[in-house]
Amino acid sequence: MVKFSKELEAQLIPEWKEAFVNYRQLKKHIKRIKLNRVSKQLQAPEETFGRSVFDSFRFITNKFCNSDNNHKQDMIQVRRKTTEESEEVYETELAQLFSEEDEVQVFFAKLDGELNKINQFYKKQETEFIERGEMLSKQLNILLDLKQILSDRHKKNPSLKPSNTGVFPHPPGQESIGESIHDNSEVSQMDEVISTLERNGLSFANSAMRVKTKKKGKPHMAIRIDIPATTPTAVTSMLWEDLVNSPIKPEYGGEFINKRKIQCAEKMIRSAFVELYKGLGLLKTYSSLNMVAFTKILKKFDKVSSQKASANYMKEVKRSHFISSDKVVRLMDEVESIFTKHFANNDRKRAMKFLRPQQPKVSHTVTFLVGLCTGCSVSLFCVYVILAHMCGIFSPSTEPAYMDAVYPVSSVFALLSLHLFMYGCNLYMWKSTRINHNFIFEFSPSTALKHRDAFLMCTTLMTTVFGAMVVHLLLRAGGFSPGQVDAIPGIIFLFFVGLLICPFDIFYRPTRFCFIRVIRNIVCSPFYKVLLVDFFMADQLTSQIPLLRHLETTGCHIFARVFKSHHPEACHSGRLYIEITYLISFLPYWWRALQCARRWFDDRDVNHLANMGKYVSAMVAAGARVTYSRQDSHLWFAIVLITSVVATFYQLYWDFFKDWGFFNPKSKNPCLRDDLILKNKCIYYMSIALNVVLRVAWVETIMHLKVGPVQTRLLDFLLASLEVIRRGHWNFYRLENEHLNNVGHFRAVKAVPLPFRDIDSDS
């Protein structure tokens, strides 16, 4: 049977862990009471000598009398008091002496503190959710009014296209958008519309309505809804809508309301309702778990003290706010009805799919396939090694051509598989330590990748690649021409590229499309709002520069062999190849630096500029190392050494102090931080040392060891693999630090920005 303490740990909300009842600490106090009671019972026989038979009779009589009085008198009295801040707190007084009075008093003092903490946290969260619900109700009313105005205007003028129908009139010369207000009746009608929207809190152009008088004295108004630029899709679609449908701006400024903006606003409000419902559900779970915890702990106290003191205390617990308040339940019912009516077309089943998404069941088929693919990949690798040895593939005569054709593609898939394996290990560790990575990355739990899925993708990829390499060797040994056989690696590469962009719902389509979307955001970094998943993925790319170089070589060979555009030797020594090598060495750091610049522009936080400096220094060091690999001179050796040492110290500082949150001088844990998820501190110290060692692995690249071509490529692959392993190791502590920041601020639900600003807040 699972202990309740472990069950509570498994079910509590990780971000609200500190707000839950401290069940373990209360159990320790009960254990102290039990130990004191046992020690006194062991001393009791020594005190029985010298007593008469009447003492035993007197003891039995008093016991029965006291038992009758216990039913009439409560052993504890729980009193409510109001503090100076008008907050209700509970204080327990012992109405009857216990044999372990001091320990019992301490226990109930701790219990009162836990009850007060839970009540205060519940009231705070309840108030925030109620205010959020009222705000969403106001936003929904605005949205419904605007949709009604759009519908009425389209009915009055059916010739207008729905996509560029403006809500409010515009000046002459834009007849396709809407006609001007020409008489007092239209002006009064527009005033009525404006007053209706203002009552709902709608803000107009720059928090004010712009009015311009023409020669004839007739007013013109330009009114605009302010939709925050939060999601790249929404921004792109609205900008495109404005460029296509309203290329001519009114001379007095302003903007009209089109259908696209209403749709974006509706999507934002719908997401906000989903997050509100999720938060209410978490608060309901918080209430029920704490109620069960109080019941369990008081039963344990009764059992240890041989008294029935829990009944009176449980009455007060049930009367406390976090149990007696029904506001959360009523608000959940209200959100369900609103969402069903306005966002699910009165289809409750469809609404519940949004509000209560079903968690996917754990399938043992995936585990079986992971084991099967692992066995197949190991077997194929062994077969490949034996065939390569038998065919003499690494002999001086066949080595260069074979390595040029096979090594780049195989290295791409091997590094990618290793990164997927490390990500699978990250997912497993995050799940084991209750780090809410789906919330941090804003992934949907129903479609997010699990660690078994990552391992399946990794093993499937390597099984396919090893199989292709075995077939490639067999065909070469069978006498097929090298030109035909060497096309196999390119075919495998194109197959996986096609699988990545495949629109059909096969092989983790949500994950594939999410990956493509994030890569798009990274490539266009300055033009998109940077989310955590965006810069987290960009950091992964900075560790996969060797993979990007192999992609360059692979693409070059495919074009050389298929399209006959150039000679394959140009893929290693041509001028264009060298220039692209510099570009690839810079690009991941450049994208990451642009993300830091965009984050500084959005947040005005100087730390983002300092972070950008780290990537600029890494960019300079990477370029210097590429140049030194082609110009072996003492000058470039000194430049590489200086730039690389500066970049390494910069990166180590940022890893430990910023990304991981270590080396806090005021921390109770030396050289670490106060809050640690892993119980063994030695793991953190070993991780610090490992990160330092792997950060200086670049030293090998400037040593220019005298080894053969095959050994050189294998050494480069080993260094690239070590960097991928370092990145996977870095990922865990980076997300642990982010999770602890969320826990410190009790962030358990996503804050969705709302499309319409309140007039009072604008003013």
# chains A, B, ... in the order shown; residues from 1 in each chain; ligands from 1

call {"tool": "residues_around", "arguments": {"residues": "stretch 463-468 of chain A", "least_positions_apart": "4", "cutoff": "8 Å", "atoms": "only C-alpha atoms", "output": "PyMOL selection string"}}
result
chain A and resi 373-374+376-377+380-381+384+410+413+459+472+488-489+492

call {"tool": "write_last_selection", "arguments": {"atoms": "N, CA, C and O atoms", "output": "mmCIF file, in the first residue's frame"}}
result
data_model
loop_
_atom_site.group_PDB
_atom_site.id
_atom_site.type_symbol
_atom_site.label_atom_id
_atom_site.label_comp_id
_atom_site.auth_asym_id
_atom_site.auth_seq_id
_atom_site.Cartn_x
_atom_site.Cartn_y
_atom_site.Cartn_z
ATOM 1 N N CYS A 373 13.760 -1.919 -32.116
ATOM 2 C CA CYS A 373 14.635 -1.097 -32.965
ATOM 3 C C CYS A 373 16.049 -1.029 -32.404
ATOM 4 O O CYS A 373 17.028 -0.987 -33.169
ATOM 5 N N THR A 374 16.181 -1.025 -31.068
ATOM 6 C CA THR A 374 17.519 -1.020 -30.474
ATOM 7 C C THR A 374 18.281 -2.288 -30.839
ATOM 8 O O THR A 374 19.455 -2.245 -31.237
ATOM 9 N N CYS A 376 17.707 -4.234 -33.419
ATOM 10 C CA CYS A 376 17.980 -4.244 -34.862
ATOM 11 C C CYS A 376 19.154 -3.331 -35.208
ATOM 12 O O CYS A 376 20.009 -3.689 -36.030
ATOM 13 N N SER A 377 19.198 -2.143 -34.584
ATOM 14 C CA SER A 377 20.283 -1.208 -34.903
ATOM 15 C C SER A 377 21.637 -1.757 -34.457
ATOM 16 O O SER A 377 22.632 -1.633 -35.183
ATOM 17 N N LEU A 380 22.551 -4.568 -36.946
ATOM 18 C CA LEU A 380 22.964 -4.032 -38.240
ATOM 19 C C LEU A 380 24.334 -3.367 -38.161
ATOM 20 O O LEU A 380 25.124 -3.436 -39.115
ATOM 21 N N PHE A 381 24.620 -2.719 -37.044
ATOM 22 C CA PHE A 381 25.933 -2.098 -36.896
ATOM 23 C C PHE A 381 27.040 -3.157 -36.877
ATOM 24 O O PHE A 381 28.100 -2.975 -37.495
ATOM 25 N N TYR A 384 27.510 -4.349 -40.335
ATOM 26 C CA TYR A 384 28.218 -3.352 -41.131
ATOM 27 C C TYR A 384 29.718 -3.393 -40.862
ATOM 28 O O TYR A 384 30.533 -3.322 -41.797
ATOM 29 N N SER A 410 25.929 9.908 -42.686
ATOM 30 C CA SER A 410 25.869 9.085 -41.477
ATOM 31 C C SER A 410 26.149 9.914 -40.230
ATOM 32 O O SER A 410 25.546 9.682 -39.170
ATOM 33 N N PHE A 413 22.908 11.870 -39.223
ATOM 34 C CA PHE A 413 21.900 11.064 -38.539
ATOM 35 C C PHE A 413 22.404 10.558 -37.184
ATOM 36 O O PHE A 413 21.616 10.421 -36.242
ATOM 37 N N THR A 459 15.960 5.390 -32.098
ATOM 38 C CA THR A 459 16.315 4.037 -32.535
ATOM 39 C C THR A 459 15.830 3.756 -33.955
ATOM 40 O O THR A 459 16.512 3.062 -34.718
ATOM 41 N N HIS A 472 24.272 -0.407 -48.858
ATOM 42 C CA HIS A 472 25.265 0.299 -49.666
ATOM 43 C C HIS A 472 26.523 -0.549 -49.843
ATOM 44 O O HIS A 472 27.068 -0.666 -50.964
ATOM 45 N N ILE A 488 22.596 6.308 -52.567
ATOM 46 C CA ILE A 488 21.751 5.792 -51.477
ATOM 47 C C ILE A 488 21.763 6.718 -50.265
ATOM 48 O O ILE A 488 20.690 7.026 -49.712
ATOM 49 N N PRO A 489 22.916 7.183 -49.754
ATOM 50 C CA PRO A 489 22.881 8.113 -48.618
ATOM 51 C C PRO A 489 22.051 9.366 -48.889
ATOM 52 O O PRO A 489 21.316 9.831 -48.012
ATOM 53 N N ILE A 492 18.346 8.470 -48.661
ATOM 54 C CA ILE A 492 17.927 8.364 -47.255
ATOM 55 C C ILE A 492 17.733 9.755 -46.653
ATOM 56 O O ILE A 492 16.751 10.023 -45.939
#

call {"tool": "residues_around", "arguments": {"residues": "A:Gly744", "least_positions_apart": "3", "cutoff": "12 Å", "atoms": "only C-alpha atoms", "output": "list of chain:residue names"}}
result
A:Pro14, A:Glu15, A:Trp16, A:Lys17, A:Glu18, A:Ala19, A:Asp674, A:Asp675, A:Asn737, A:Glu738, A:His739, A:Leu740, A:Asn741, A:Arg747, A:Ala748

call {"tool": "select_by_dssp", "arguments": {"residues": "stretch 295-504 of chain A", "states": "alpha helix (DSSP H)", "output": "PyMOL selection string"}}
result
chain A and resi 295-305+310-319+321-324+327-343+348-355+364-391+399-432+437-441+451-477+482-485+487-500

call {"tool": "closest_residue", "arguments": {"among": "A:Leu474, A:Val646, A:Cys502, A:Val749", "to": "A:Val616", "atoms": "only C-alpha atoms"}}
result
A:Val646

call {"tool": "atom_distance", "arguments": {"atom1": "atom CA of A:Val106", "atom2": "atom CA of A:Glu93"}}
result
10.9 Å

call {"tool": "residues_around", "arguments": {"residues": "A:Ala311", "least_positions_apart": "4", "cutoff": "12 Å", "atoms": "only C-alpha atoms", "output": "ChimeraX atom specification"}}
result
/A:71,74-78,294-295,298-299,301-302,307,315-318

call {"tool": "residues_around", "arguments": {"residues": "stretch 387-395 of chain A", "least_positions_apart": "2", "cutoff": "10 Å", "atoms": "only C-alpha atoms", "output": "JSON list (two decimals) with N, CA and C atoms, in the first residue's frame"}}
result
[["chain", "number", "residue", "atom", "x", "y", "z"],
["A", 381, "PHE", "N", 24.62, -2.72, -37.04],
["A", 381, "PHE", "CA", 25.93, -2.10, -36.90],
["A", 381, "PHE", "C", 27.04, -3.16, -36.88],
["A", 382, "CYS", "N", 26.79, -4.25, -36.17],
["A", 382, "CYS", "CA", 27.78, -5.33, -36.15],
["A", 382, "CYS", "C", 27.98, -5.92, -37.54],
["A", 383, "VAL", "N", 26.87, -6.11, -38.27],
["A", 383, "VAL", "CA", 26.97, -6.62, -39.64],
["A", 383, "VAL", "C", 27.75, -5.65, -40.52],
["A", 384, "TYR", "N", 27.51, -4.35, -40.33],
["A", 384, "TYR", "CA", 28.22, -3.35, -41.13],
["A", 384, "TYR", "C", 29.72, -3.39, -40.86],
["A", 385, "VAL", "N", 30.11, -3.52, -39.59],
["A", 385, "VAL", "CA", 31.54, -3.55, -39.26],
["A", 385, "VAL", "C", 32.20, -4.77, -39.89],
["A", 397, "SER", "N", 43.05, 2.70, -51.07],
["A", 397, "SER", "CA", 42.54, 2.90, -52.43],
["A", 397, "SER", "C", 41.07, 3.30, -52.44],
["A", 398, "THR", "N", 40.27, 2.78, -51.54],
["A", 398, "THR", "CA", 38.83, 3.06, -51.56],
["A", 398, "THR", "C", 38.39, 4.01, -50.45],
["A", 399, "GLU", "N", 39.28, 4.31, -49.54],
["A", 399, "GLU", "CA", 38.89, 5.09, -48.36],
["A", 399, "GLU", "C", 38.35, 6.49, -48.69],
["A", 400, "PRO", "N", 39.07, 7.34, -49.48],
["A", 400, "PRO", "CA", 38.59, 8.72, -49.67],
["A", 400, "PRO", "C", 37.22, 8.80, -50.32],
["A", 401, "ALA", "N", 37.01, 8.06, -51.41],
["A", 401, "ALA", "CA", 35.72, 8.15, -52.11],
["A", 401, "ALA", "C", 34.58, 7.68, -51.22],
["A", 402, "TYR", "N", 34.81, 6.59, -50.49],
["A", 402, "TYR", "CA", 33.74, 6.06, -49.63],
["A", 402, "TYR", "C", 33.42, 7.04, -48.49],
["A", 403, "MET", "N", 34.43, 7.59, -47.87],
["A", 403, "MET", "CA", 34.21, 8.51, -46.75],
["A", 403, "MET", "C", 33.51, 9.78, -47.21],
["A", 469, "MET", "N", 23.35, 1.67, -44.81],
["A", 469, "MET", "CA", 24.79, 1.51, -44.95],
["A", 469, "MET", "C", 25.16, 0.06, -45.29],
["A", 470, "VAL", "N", 24.44, -0.91, -44.71],
["A", 470, "VAL", "CA", 24.68, -2.31, -45.04],
["A", 470, "VAL", "C", 24.33, -2.58, -46.50],
["A", 473, "LEU", "N", 26.99, -1.18, -48.79],
["A", 473, "LEU", "CA", 28.18, -2.03, -48.88],
["A", 473, "LEU", "C", 27.93, -3.26, -49.74],
["A", 474, "LEU", "N", 26.75, -3.87, -49.58],
["A", 474, "LEU", "CA", 26.43, -5.07, -50.35],
["A", 474, "LEU", "C", 26.38, -4.75, -51.85],
["A", 476, "ARG", "N", 27.97, -2.29, -53.39],
["A", 476, "ARG", "CA", 29.34, -2.03, -53.86],
["A", 476, "ARG", "C", 30.09, -3.34, -54.07],
["A", 477, "ALA", "N", 29.89, -4.29, -53.14],
["A", 477, "ALA", "CA", 30.55, -5.58, -53.29],
["A", 477, "ALA", "C", 29.97, -6.38, -54.44],
["A", 710, "VAL", "N", 40.88, 9.00, -41.71],
["A", 710, "VAL", "CA", 39.77, 8.34, -41.02],
["A", 710, "VAL", "C", 39.79, 8.68, -39.54]]

call {"tool": "closest_residue", "arguments": {"among": "A:Trp730, A:Trp591, A:Phe559, A:Phe717", "to": "A:Asn691", "atoms": "only C-alpha atoms"}}
result
A:Trp730

call {"tool": "closest_residue", "arguments": {"among": "A:Phe662, A:Phe439, A:Tyr582, A:Phe129", "to": "A:Val329", "atoms": "only C-alpha atoms"}}
result
A:Phe129

call {"tool": "atom_distance", "arguments": {"atom1": "atom CA of A:Lys28", "atom2": "atom CA of A:Phe107"}}
result
9.4 Å

call {"tool": "closest_residue", "arguments": {"among": "A:Phe657, A:Phe421, A:Phe443, A:Phe455", "to": "A:Thr367", "atoms": "only C-alpha atoms"}}
result
A:Phe455

call {"tool": "closest_residue", "arguments": {"among": "A:Ile297, A:Ile580, A:Leu415, A:Cys524", "to": "A:Glu723", "atoms": "only C-alpha atoms"}}
result
A:Leu415
